[in-house]
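Shown here: upload_25.tsv, TSV, C-alpha atoms.
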```tsv
chain	number	residue	atom	x	y	z
A	277	MET	CA	137.20	29.16	32.75
A	278	ASN	CA	135.31	26.55	30.75
A	279	HIS	CA	131.79	25.35	31.21
A	280	ARG	CA	132.85	22.35	33.27
A	281	GLU	CA	134.82	24.46	35.74
A	282	VAL	CA	131.94	26.85	36.17
A	283	GLU	CA	129.62	23.94	36.79
A	284	ASP	CA	132.03	22.50	39.38
A	285	GLN	CA	132.27	25.84	41.12
A	286	VAL	CA	128.51	26.23	41.26
A	287	THR	CA	128.21	22.69	42.61
A	288	ASP	CA	130.82	23.42	45.24
A	289	GLU	CA	129.09	26.63	46.24
A	290	ARG	CA	125.79	24.84	46.52
A	291	ARG	CA	127.38	22.10	48.53
A	292	VAL	CA	128.92	24.59	50.94
A	293	SER	CA	125.60	26.38	51.31
A	294	VAL	CA	123.68	23.17	51.88
A	295	GLY	CA	126.32	21.88	54.27
A	296	LEU	CA	126.31	25.09	56.30
A	297	ALA	CA	122.50	25.09	56.38
A	298	SER	CA	122.50	21.49	57.60
A	299	LEU	CA	125.06	22.31	60.26
A	300	ARG	CA	123.07	25.33	61.35
A	301	GLU	CA	119.89	23.32	61.55
A	302	ALA	CA	121.57	20.47	63.40
A	303	TYR	CA	122.87	22.82	66.07
A	304	SER	CA	119.92	25.19	66.17
A	305	ARG	CA	118.50	23.70	69.38
A	306	GLU	CA	121.80	23.33	71.17
A	307	GLN	CA	121.88	25.01	74.55
A	308	ALA	CA	123.97	24.97	77.66
A	309	GLY	CA	122.98	22.37	80.23
A	310	PRO	CA	120.64	23.21	83.12
A	311	SER	CA	123.49	22.86	85.60
A	312	VAL	CA	125.09	25.97	84.09
A	313	GLU	CA	121.99	28.03	84.78
A	314	GLU	CA	121.71	26.68	88.31
A	315	GLN	CA	125.31	27.56	89.08
A	316	LEU	CA	124.87	31.00	87.58
A	317	LEU	CA	121.77	31.65	89.65
A	318	VAL	CA	123.70	30.74	92.79
A	319	GLN	CA	126.48	33.07	91.75
A	320	PHE	CA	123.96	35.79	90.98
A	321	SER	CA	122.39	35.54	94.45
A	322	LEU	CA	125.81	35.62	96.06
A	323	ALA	CA	126.82	38.65	94.05
A	324	SER	CA	123.55	40.42	94.92
A	325	ASN	CA	124.06	39.69	98.61
A	326	GLN	CA	127.63	40.94	98.47
A	327	ALA	CA	126.49	44.09	96.71
A	328	GLY	CA	123.90	44.58	99.47
A	329	ARG	CA	126.55	44.12	102.11
A	330	LYS	CA	128.83	46.57	100.37
A	331	ARG	CA	126.13	49.25	100.39
A	332	MET	CA	125.86	49.11	104.20
A	333	PRO	CA	129.43	50.06	104.97
A	334	ALA	CA	129.18	52.95	102.52
A	335	SER	CA	126.53	54.63	104.67
A	336	ALA	CA	128.49	53.77	107.78
A	337	TYR	CA	131.54	55.43	106.30
A	338	TRP	CA	129.52	58.58	105.64
A	339	ALA	CA	128.26	58.59	109.22
A	340	LEU	CA	131.80	58.16	110.53
A	341	ALA	CA	133.04	60.96	108.33
A	342	ALA	CA	130.26	63.28	109.56
A	343	ALA	CA	131.03	62.39	113.18
A	344	ALA	CA	134.73	63.07	112.65
A	345	LEU	CA	133.90	66.42	111.08
A	346	LEU	CA	131.67	67.40	114.00
A	347	LEU	CA	134.34	66.38	116.50
A	348	SER	CA	136.99	68.42	114.73
A	349	CYS	CA	134.71	71.46	114.60
A	350	GLY	CA	133.98	71.08	118.31
A	351	LEU	CA	137.67	70.78	119.09
A	352	VAL	CA	138.50	73.90	117.09
A	353	LEU	CA	135.72	75.87	118.83
A	354	TRP	CA	136.84	74.68	122.24
A	355	LEU	CA	140.43	75.63	121.54
A	356	ALA	CA	139.31	79.06	120.41
A	357	HIS	CA	137.16	79.77	123.47
A	358	ARG	CA	138.80	77.87	126.28
A	359	PRO	CA	139.79	79.87	129.41
A	360	VAL	CA	143.44	80.80	129.34
A	361	ILE	CA	145.46	81.97	132.33
A	362	GLU	CA	147.64	84.75	131.04
A	363	PRO	CA	151.16	84.39	132.37
A	364	LYS	CA	152.11	87.23	134.69
A	365	PRO	CA	155.46	88.85	134.12
A	366	ILE	CA	157.91	87.84	136.79
A	367	ALA	CA	159.18	90.75	138.80
A	368	GLN	CA	162.88	91.15	138.29
A	369	GLY	CA	165.38	93.28	140.12
A	370	PRO	CA	168.09	95.37	138.49
A	371	ALA	CA	169.96	92.51	136.97
A	372	ASP	CA	172.37	94.66	135.06
A	373	PRO	CA	174.27	97.11	137.30
A	374	ARG	CA	175.27	99.20	134.28
A	375	SER	CA	171.69	100.32	133.95
A	376	ILE	CA	171.82	101.98	137.32
A	377	ARG	CA	173.02	105.57	137.27
A	378	ALA	CA	174.60	107.29	140.18
A	379	GLY	CA	172.12	109.10	142.28
A	380	SER	CA	169.14	107.23	140.99
A	381	VAL	CA	169.03	103.56	141.40
A	382	THR	CA	166.49	102.25	138.96
A	383	ALA	CA	165.54	98.75	138.18
A	384	ALA	CA	166.13	97.48	134.69
A	385	GLY	CA	162.43	97.66	133.92
A	386	GLY	CA	162.42	101.35	134.95
A	387	SER	CA	159.29	100.92	136.97
A	388	ASP	CA	160.81	100.39	140.38
A	389	ARG	CA	162.68	103.47	141.48
A	390	ILE	CA	164.67	102.76	144.60
A	391	VAL	CA	164.97	105.68	146.87
A	392	SER	CA	166.28	103.89	149.86
A	393	PRO	CA	167.82	100.59	150.67
A	394	SER	CA	164.72	99.64	152.58
A	395	ALA	CA	162.61	100.45	149.56
A	396	GLU	CA	165.01	98.54	147.36
A	397	ILE	CA	164.83	95.66	149.72
A	398	ALA	CA	161.08	95.85	149.68
A	399	ALA	CA	161.04	96.02	145.91
A	400	ALA	CA	163.63	93.33	145.53
A	401	PRO	CA	162.28	90.43	143.59
A	402	ALA	CA	161.52	87.16	145.12
A	403	PRO	CA	163.38	84.19	143.81
A	404	PRO	CA	161.75	82.96	140.63
A	405	GLN	CA	159.09	80.43	141.28
A	406	PRO	CA	157.88	78.04	138.66
A	407	LYS	CA	154.49	79.19	137.54
A	408	LYS	CA	151.93	77.06	135.78
A	409	THR	CA	150.77	78.71	132.64
A	410	HIS	CA	148.53	77.59	129.83
A	411	HIS	CA	149.59	78.39	126.32
A	412	ARG	CA	147.25	78.49	123.42
A	413	GLY	CA	148.27	76.94	120.16
A	414	GLY	CA	151.71	76.09	121.37
A	415	THR	CA	152.89	79.74	121.47
A	416	ARG	CA	154.86	80.68	124.51
A	417	PRO	CA	155.30	84.23	125.71
A	418	ALA	CA	158.81	85.64	125.73
A	419	HIS	CA	158.70	86.37	129.45
A	420	SER	CA	157.68	82.91	130.50
A	421	ALA	CA	158.94	81.17	133.57
A	422	ARG	CA	161.64	79.40	131.65
A	423	PRO	CA	164.76	79.10	133.79
A	424	SER	CA	167.25	81.74	132.75
A	425	GLU	CA	170.79	80.84	131.88
A	426	LYS	CA	172.07	83.85	133.84
A	427	PRO	CA	172.40	83.42	137.62
A	428	GLN	CA	169.48	85.02	139.31
A	429	PRO	CA	170.37	87.44	142.08
A	430	ARG	CA	169.08	86.86	145.52
A	431	PRO	CA	167.08	89.60	147.28
A	432	PHE	CA	168.92	92.44	148.88
A	433	ILE	CA	169.75	92.06	152.50
A	434	ALA	CA	169.88	95.22	154.53
A	435	THR	CA	173.14	95.84	156.34
A	436	MET	CA	172.18	99.03	158.18
A	437	ILE	CA	169.20	101.25	158.80
A	438	PRO	CA	168.79	103.78	155.99
A	439	THR	CA	169.24	107.45	156.93
A	440	ALA	CA	167.03	110.36	156.00
A	441	THR	CA	169.63	111.85	153.66
A	442	ASP	CA	169.85	108.74	151.51
A	443	ALA	CA	166.91	109.85	149.42
A	444	ASP	CA	168.39	113.29	148.79
A	445	TYR	CA	171.87	112.28	147.79
A	446	GLY	CA	171.07	109.07	146.09
A	447	LEU	CA	172.57	105.67	146.27
A	448	GLN	CA	175.06	103.75	144.19
A	449	LEU	CA	175.03	100.14	143.15
A	450	VAL	CA	178.40	98.49	142.89
A	451	ARG	CA	179.17	94.98	141.63
A	452	VAL	CA	181.99	93.40	143.61
A	453	GLU	CA	183.53	90.01	144.17
A	454	LEU	CA	183.71	88.71	147.71
A	455	PRO	CA	184.92	85.47	149.21
A	456	ARG	CA	182.12	82.98	149.37
A	457	ARG	CA	182.53	82.63	153.09
A	458	THR	CA	181.05	86.16	153.39
A	459	MET	CA	177.68	84.57	152.64
A	460	MET	CA	177.94	82.76	155.95
A	461	SER	CA	177.85	86.14	157.75
A	462	PHE	CA	174.38	86.70	156.32
A	463	GLY	CA	173.18	83.24	157.29
A	464	LEU	CA	173.30	81.82	153.79
A	465	PRO	CA	174.38	78.23	153.23
A	466	VAL	CA	177.80	77.73	151.68
A	467	ASP	CA	179.50	74.60	150.52
A	468	SER	CA	182.49	74.04	152.79
A	469	ARG	CA	184.63	73.06	149.77
A	470	GLN	CA	184.04	76.43	148.14
A	471	LEU	CA	184.70	78.74	151.04
A	472	ASN	CA	187.61	80.53	149.29
A	473	THR	CA	186.05	80.77	145.86
A	474	PRO	CA	184.80	84.24	144.87
A	475	VAL	CA	181.13	85.13	144.60
A	476	LYS	CA	179.67	88.18	142.90
A	477	ALA	CA	177.65	90.56	144.99
A	478	ASP	CA	175.81	93.83	144.44
A	479	LEU	CA	176.32	96.46	147.11
A	480	ILE	CA	174.11	99.51	147.60
A	481	ILE	CA	176.42	102.24	148.81
A	482	GLY	CA	175.09	105.29	150.55
A	483	PRO	CA	176.43	108.86	150.16
A	484	ASP	CA	178.53	108.33	153.22
A	485	GLY	CA	180.29	105.36	151.58
A	486	LEU	CA	178.71	102.76	153.80
A	487	THR	CA	176.94	99.75	152.48
A	488	ARG	CA	173.21	99.91	152.91
A	489	ALA	CA	172.35	96.51	151.47
A	490	ILE	CA	173.92	93.53	149.78
A	491	ARG	CA	172.79	90.76	147.51
A	492	PHE	CA	174.71	87.80	146.17
A	493	VAL	CA	174.44	87.28	142.48
A	494	GLN	CA	176.36	84.09	142.02
A	495	GLU	CA	176.59	81.47	144.60
B	164	MET	CA	110.20	31.03	84.40
B	165	LYS	CA	108.64	34.45	84.37
B	166	GLU	CA	109.73	36.48	81.34
B	167	VAL	CA	110.57	40.05	82.22
B	168	PRO	CA	109.68	42.48	79.45
B	169	GLY	CA	111.61	45.63	78.83
B	170	SER	CA	114.47	47.21	76.97
B	171	ASP	CA	118.08	46.22	77.33
B	172	THR	CA	118.80	49.18	79.58
B	173	GLU	CA	115.87	48.39	81.84
B	174	LEU	CA	116.90	44.75	82.05
B	175	VAL	CA	120.46	45.67	82.95
B	176	GLN	CA	119.24	48.12	85.58
B	177	ARG	CA	117.08	45.43	87.15
B	178	LEU	CA	119.94	42.96	86.91
B	179	LYS	CA	122.21	45.39	88.72
B	180	SER	CA	119.65	45.81	91.48
B	181	GLY	CA	119.66	42.04	92.03
B	182	ASP	CA	116.44	41.07	90.23
B	183	GLU	CA	116.74	37.33	89.63
B	184	ALA	CA	113.86	37.27	87.11
B	185	ALA	CA	115.65	39.86	84.99
B	186	PHE	CA	118.78	37.74	85.05
B	187	GLN	CA	116.84	34.64	84.02
B	188	THR	CA	115.28	36.58	81.15
B	189	VAL	CA	118.64	37.77	79.90
B	190	TYR	CA	120.08	34.28	80.29
B	191	SER	CA	117.26	32.52	78.45
B	192	ARG	CA	117.41	35.05	75.61
B	193	LEU	CA	121.14	35.02	75.05
B	194	GLN	CA	122.72	31.86	76.37
B	195	GLY	CA	121.89	29.88	73.23
B	196	HIS	CA	123.71	32.38	71.01
B	197	VAL	CA	126.79	32.30	73.19
B	198	PHE	CA	126.72	28.54	73.58
B	199	ARG	CA	126.33	27.81	69.85
B	200	PHE	CA	129.00	30.34	68.92
B	201	ALA	CA	131.43	28.72	71.35
B	202	LEU	CA	130.42	25.23	70.22
B	203	HIS	CA	130.91	26.00	66.52
B	204	MET	CA	134.20	27.68	67.23
B	205	SER	CA	135.65	25.06	69.53
B	206	GLY	CA	133.77	21.87	68.75
B	207	SER	CA	133.67	21.09	72.45
B	208	ARG	CA	130.44	21.09	74.42
B	209	SER	CA	132.14	21.28	77.80
B	210	LEU	CA	134.27	24.23	76.71
B	211	ALA	CA	131.17	25.94	75.31
B	212	GLU	CA	129.39	25.51	78.64
B	213	ASP	CA	132.41	26.93	80.45
B	214	VAL	CA	132.34	29.91	78.13
B	215	VAL	CA	128.64	30.47	78.80
B	216	GLN	CA	129.23	30.35	82.53
B	217	GLU	CA	132.18	32.69	82.37
B	218	THR	CA	130.32	35.08	80.08
B	219	PHE	CA	127.30	35.45	82.34
B	220	LEU	CA	129.47	35.69	85.44
B	221	THR	CA	131.23	38.58	83.77
B	222	LEU	CA	127.85	40.11	82.96
B	223	ILE	CA	126.81	39.81	86.62
B	224	ARG	CA	130.00	41.47	87.83
B	225	ARG	CA	130.52	43.99	85.05
B	226	SER	CA	127.02	44.89	83.98
B	227	ASP	CA	127.79	48.56	84.66
B	228	ARG	CA	130.05	48.51	81.61
B	229	PHE	CA	127.09	48.03	79.29
B	230	ASP	CA	126.54	51.16	77.22
B	231	PRO	CA	123.30	51.06	75.19
B	232	SER	CA	124.62	53.76	72.87
B	233	ARG	CA	127.36	51.42	71.67
B	234	GLY	CA	125.18	48.44	70.81
B	235	SER	CA	122.57	45.98	71.96
B	236	LEU	CA	122.80	43.79	75.03
B	237	ALA	CA	123.05	40.73	72.78
B	238	ALA	CA	126.12	42.18	71.06
B	239	PHE	CA	127.59	43.09	74.43
B	240	VAL	CA	127.10	39.59	75.81
B	241	LEU	CA	128.32	37.91	72.65
B	242	GLY	CA	131.40	40.15	72.74
B	243	ILE	CA	132.13	38.99	76.28
B	244	GLY	CA	131.59	35.41	75.13
B	245	ARG	CA	133.97	35.84	72.21
B	246	ASN	CA	136.66	37.27	74.47
B	247	CYS	CA	136.22	34.41	76.94
B	248	LEU	CA	136.37	31.86	74.15
B	249	LEU	CA	139.49	33.30	72.53
B	250	ARG	CA	141.17	33.43	75.92
B	251	ARG	CA	140.30	29.80	76.56
B	252	LEU	CA	141.42	28.70	73.11
B	253	ARG	CA	144.73	30.50	73.50
B	254	HIS	CA	145.18	29.12	76.99
B	255	ASP	CA	144.10	25.55	76.48
B	256	ARG	CA	145.06	25.04	72.85
B	257	ASN	CA	142.03	22.89	72.94
B	258	PHE	CA	141.33	21.96	69.37
B	259	PRO	CA	139.51	18.67	69.68
B	260	SER	CA	139.45	16.00	67.05
B	261	VAL	CA	136.31	16.10	65.01
B	262	GLY	CA	134.01	13.13	64.80
B	263	SER	CA	133.98	12.62	68.50
B	264	ASP	CA	130.84	12.32	70.59
B	265	GLU	CA	130.43	16.08	70.52
B	266	ALA	CA	128.22	15.91	67.41
B	267	PRO	CA	124.53	16.46	68.09
B	268	ASP	CA	122.13	13.57	68.02
B	269	VAL	CA	120.27	13.48	64.76
B	270	ILE	CA	116.60	12.74	65.00
B	271	ALA	CA	115.65	9.70	62.95
B	272	ASP	CA	113.77	10.65	59.84
B	273	SER	CA	111.38	8.61	57.74
B	274	ASP	CA	114.15	8.09	55.17
B	275	PRO	CA	117.11	6.54	56.98
B	276	LEU	CA	119.39	6.82	53.96
B	277	ALA	CA	118.72	10.53	53.53
B	278	GLU	CA	119.23	10.99	57.23
B	279	LEU	CA	122.53	9.16	57.09
B	280	ARG	CA	123.62	11.26	54.14
B	281	ARG	CA	122.68	14.41	56.00
B	282	SER	CA	124.56	13.32	59.11
B	283	GLU	CA	127.61	12.66	57.01
B	284	THR	CA	127.34	16.11	55.43
B	285	VAL	CA	127.02	17.74	58.84
B	286	ARG	CA	130.03	15.81	60.11
B	287	GLN	CA	132.12	16.83	57.11
B	288	VAL	CA	131.13	20.50	57.22
B	289	ARG	CA	131.73	20.64	60.93
B	290	GLU	CA	135.17	19.14	60.53
B	291	ALA	CA	135.96	21.57	57.72
B	292	VAL	CA	134.76	24.59	59.72
B	293	LEU	CA	136.86	23.61	62.71
B	294	SER	CA	139.95	23.28	60.55
B	295	LEU	CA	139.64	26.87	59.25
B	296	PRO	CA	141.92	29.57	60.64
B	297	LEU	CA	140.40	31.36	63.58
B	298	HIS	CA	139.63	34.71	61.92
B	299	TYR	CA	137.89	32.97	59.00
B	300	ARG	CA	136.09	30.58	61.28
B	301	GLU	CA	134.53	33.26	63.46
B	302	VAL	CA	133.28	35.20	60.45
B	303	LEU	CA	131.76	32.05	59.00
B	304	VAL	CA	130.17	31.10	62.31
B	305	LEU	CA	128.71	34.55	62.87
B	306	CYS	CA	127.42	35.24	59.36
B	307	GLU	CA	126.49	31.77	58.12
B	308	LEU	CA	125.71	29.72	61.20
B	309	GLN	CA	124.33	32.45	63.45
B	310	GLU	CA	122.87	34.50	60.60
B	311	ARG	CA	124.23	37.83	61.74
B	312	SER	CA	124.50	40.71	59.33
B	313	TYR	CA	127.86	41.97	58.13
B	314	GLU	CA	127.46	45.09	60.24
B	315	GLU	CA	126.70	43.12	63.41
B	316	ALA	CA	129.65	40.83	62.81
B	317	ALA	CA	131.89	43.79	62.07
B	318	GLU	CA	130.85	45.50	65.31
B	319	LEU	CA	131.48	42.34	67.26
B	320	LEU	CA	134.85	41.64	65.67
B	321	GLY	CA	135.93	45.25	65.73
B	322	CYS	CA	136.61	45.56	62.01
B	323	ALA	CA	134.98	47.04	58.92
B	324	ALA	CA	132.00	45.42	57.23
B	325	GLY	CA	134.05	45.14	54.05
B	326	THR	CA	136.64	43.12	55.93
B	327	VAL	CA	133.91	40.80	57.15
B	328	ARG	CA	132.63	40.37	53.61
B	329	SER	CA	136.05	39.55	52.17
B	330	ARG	CA	136.88	37.20	55.04
B	331	LEU	CA	133.58	35.42	54.55
B	332	HIS	CA	134.23	35.00	50.85
B	333	ARG	CA	137.66	33.57	51.56
B	334	ALA	CA	136.28	31.33	54.30
B	335	ARG	CA	133.70	29.83	51.96
B	336	ALA	CA	136.35	29.20	49.32
B	337	LEU	CA	138.57	27.50	51.90
B	338	LEU	CA	135.63	25.47	53.13
B	339	SER	CA	134.88	24.33	49.60
B	340	GLU	CA	138.50	23.25	49.08
B	341	LYS	CA	138.50	21.33	52.34
B	342	LEU	CA	135.26	19.55	51.47
B	343	ARG	CA	136.70	18.53	48.09
B	344	ALA	CA	139.83	17.28	49.85
B	345	MET	CA	137.66	15.28	52.22
B	346	ASP	CA	135.80	13.76	49.28
B	347	ARG	CA	139.06	12.71	47.67
B	348	ARG	CA	140.27	11.25	50.96
B	349	ASP	CA	137.01	9.33	51.41
B	350	GLU	CA	137.16	7.99	47.85
B	351	LEU	CA	140.75	6.83	48.41
B	352	ALA	CA	139.71	5.10	51.63
B	353	LYS	CA	136.81	3.40	49.86
B	354	ALA	CA	139.08	2.28	47.01
B	355	LYS	CA	141.55	0.85	49.51
B	356	SER	CA	138.81	-1.07	51.28
B	357	ARG	CA	137.50	-2.40	47.94
B	358	ARG	CA	140.98	-3.62	47.01
B	359	CYS	CA	141.34	-5.31	50.37
B	360	LEU	CA	137.99	-7.05	49.96
B	361	ALA	CA	138.84	-8.10	46.40
```
The structure given in the file should be rewritten as structure tokens.
Amino acid sequence: MNHREVEDQVTDERRVSVGLASLREAYSREQAGPSVEEQLLVQFSLASNQAGRKRMPASAYWALAAAALLLSCGLVLWLAHRPVIEPKPIAQGPADPRSIRAGSVTAAGGSDRIVSPSAEIAAAPAPPQPKKTHHRGGTRPAHSARPSEKPQPRPFIATMIPTATDADYGLQLVRVELPRRTMMSFGLPVDSRQLNTPVKADLIIGPDGLTRAIRFVQE
Amino acid sequence: MKEVPGSDTELVQRLKSGDEAAFQTVYSRLQGHVFRFALHMSGSRSLAEDVVQETFLTLIRRSDRFDPSRGSLAAFVLGIGRNCLLRRLRHDRNFPSVGSDEAPDVIADSDPLAELRRSETVRQVREAVLSLPLHYREVLVLCELQERSYEEAAELLGCAAGTVRSRLHRARALLSEKLRAMDRRDELAKAKSRRCLA
């Protein structure tokens, strides 16, 4: 690089520096117009107001959450301590004749020992009635008043006056099939179209072989 | 306007809480830097004003992103301004022709000839700066026209200070070449006009 080139380079450098300094000085007072600041101030106030509005719902949300929590706690406490009507077991007669041994007629539950047809008749269960029960937490007891799929037997109907020896010799329960028209003899309603169809019946037979009571299982 | 004293963090806290005086303080301190940076980079006053507006709107909405441990508020705001400007330049492809009415008014001096010569120099340098590639231009604008240190420019541009230094060196060399080319072009134009007159 000769002397002339060095001189040219220095001149160029100086020119760039001077030019940049002039440009810097020429633009040193340049600023955005006042309209920009005005618009920004408007935007700033709007943003501040929106931020203020946003803070209000936040507290409202907290209040709603607290109220919801209190309500749920109250509901849980009420469910835990509410009065509940315990469902009473429905009295049932000896549904299964196989459970009855000769000489001692006992109901399936084993609690009702029948010593005489009159006692059996007295202990015979009433037809199942729908019973209103309250269940907690959706659980339902096994012995609820749900309609059974098996035909429920009617109460025993006495056919003769029990004798004094019935209690000593015991009674027998026999499942038989009878014509449906037999029900008419006991004053029970029968569909005229089903007079010849069979119906199951439980007979309580005394030691003398005579029927003490009868009940129709299947109509 | 009432000037609100305080550190950057305090100003930002007050700005977040909706203090208009704090906002005005921040605006009056920093809008000139952002505006001149955008003006030097784009050569368009209207675009520079748009960038200022967008920058301070972003500051209003995103002031919670300011982290004093990472830099000053001025660097934060100028960084927003740079991002806005680059987005606008990419979107608009707005590279205006130089020599338009965007040049600042020069105050008449006692020596009209010197003033004319200075105006011509400013026009030429401005044209040359605007014709530089973007990454050289922003280094030149930051370090030469806005007098920022290499470290500040490096922080703003997200590169090393050495990179800033080398880019600046290259930018000055390019600027010098462009000014020489302009001189040659002007001399040719003058020669043509002399031949026409002769």
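Atom to atom, atom CA of Gln216 of chain B and atom CA of Val312 of chain A stand 6.2 Å apart.
In this structure, atom CA of Glu278 of chain B sits 25.9 Å away from atom CA of Gly309 of chain A.
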Show me which bits of chain A are within 10 Å of chain B, counting only C-alpha atoms, as number ranges by chain.
A: 285, 287-309, 311-313, 315-317, 319-325, 327-328
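Atom CA of Arg251 of chain B sits 28.5 Å away from atom CA of Met345 of chain B.
Nearest residue to Met204 of chain B, choosing from B:Asp227, B:Glu290, B:Asp255, B:Glu301 and counting all atoms listed in the file: B:Glu301.
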I'd like the neighbourhood of segment 482-485 of chain A as an MDAnalysis selection string, where a residue qualifies if any of its atoms comes within 8 Å (using only C-alpha atoms), though same-chain residues fewer than 4 positions away should be ignored.
chainID A and resid 442 445:448
Generate a file of the selected residues that holds C-alpha atoms, formatted as a PDB file, in the frame of the given file.
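Result file is out.pdb:
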```
ATOM      1  CA  ASP A 442     169.850 108.740 151.510  1.00  0.00           C
ATOM      2  CA  TYR A 445     171.870 112.280 147.790  1.00  0.00           C
ATOM      3  CA  GLY A 446     171.070 109.070 146.090  1.00  0.00           C
ATOM      4  CA  LEU A 447     172.570 105.670 146.270  1.00  0.00           C
ATOM      5  CA  GLN A 448     175.060 103.750 144.190  1.00  0.00           C
TER       6      GLN A 448
END
```
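Nearest to Pro296 of chain B of all the residues B:Ser329, B:Phe239, B:Leu337, B:Glu318 is B:Leu337, based on all atoms listed in the file.
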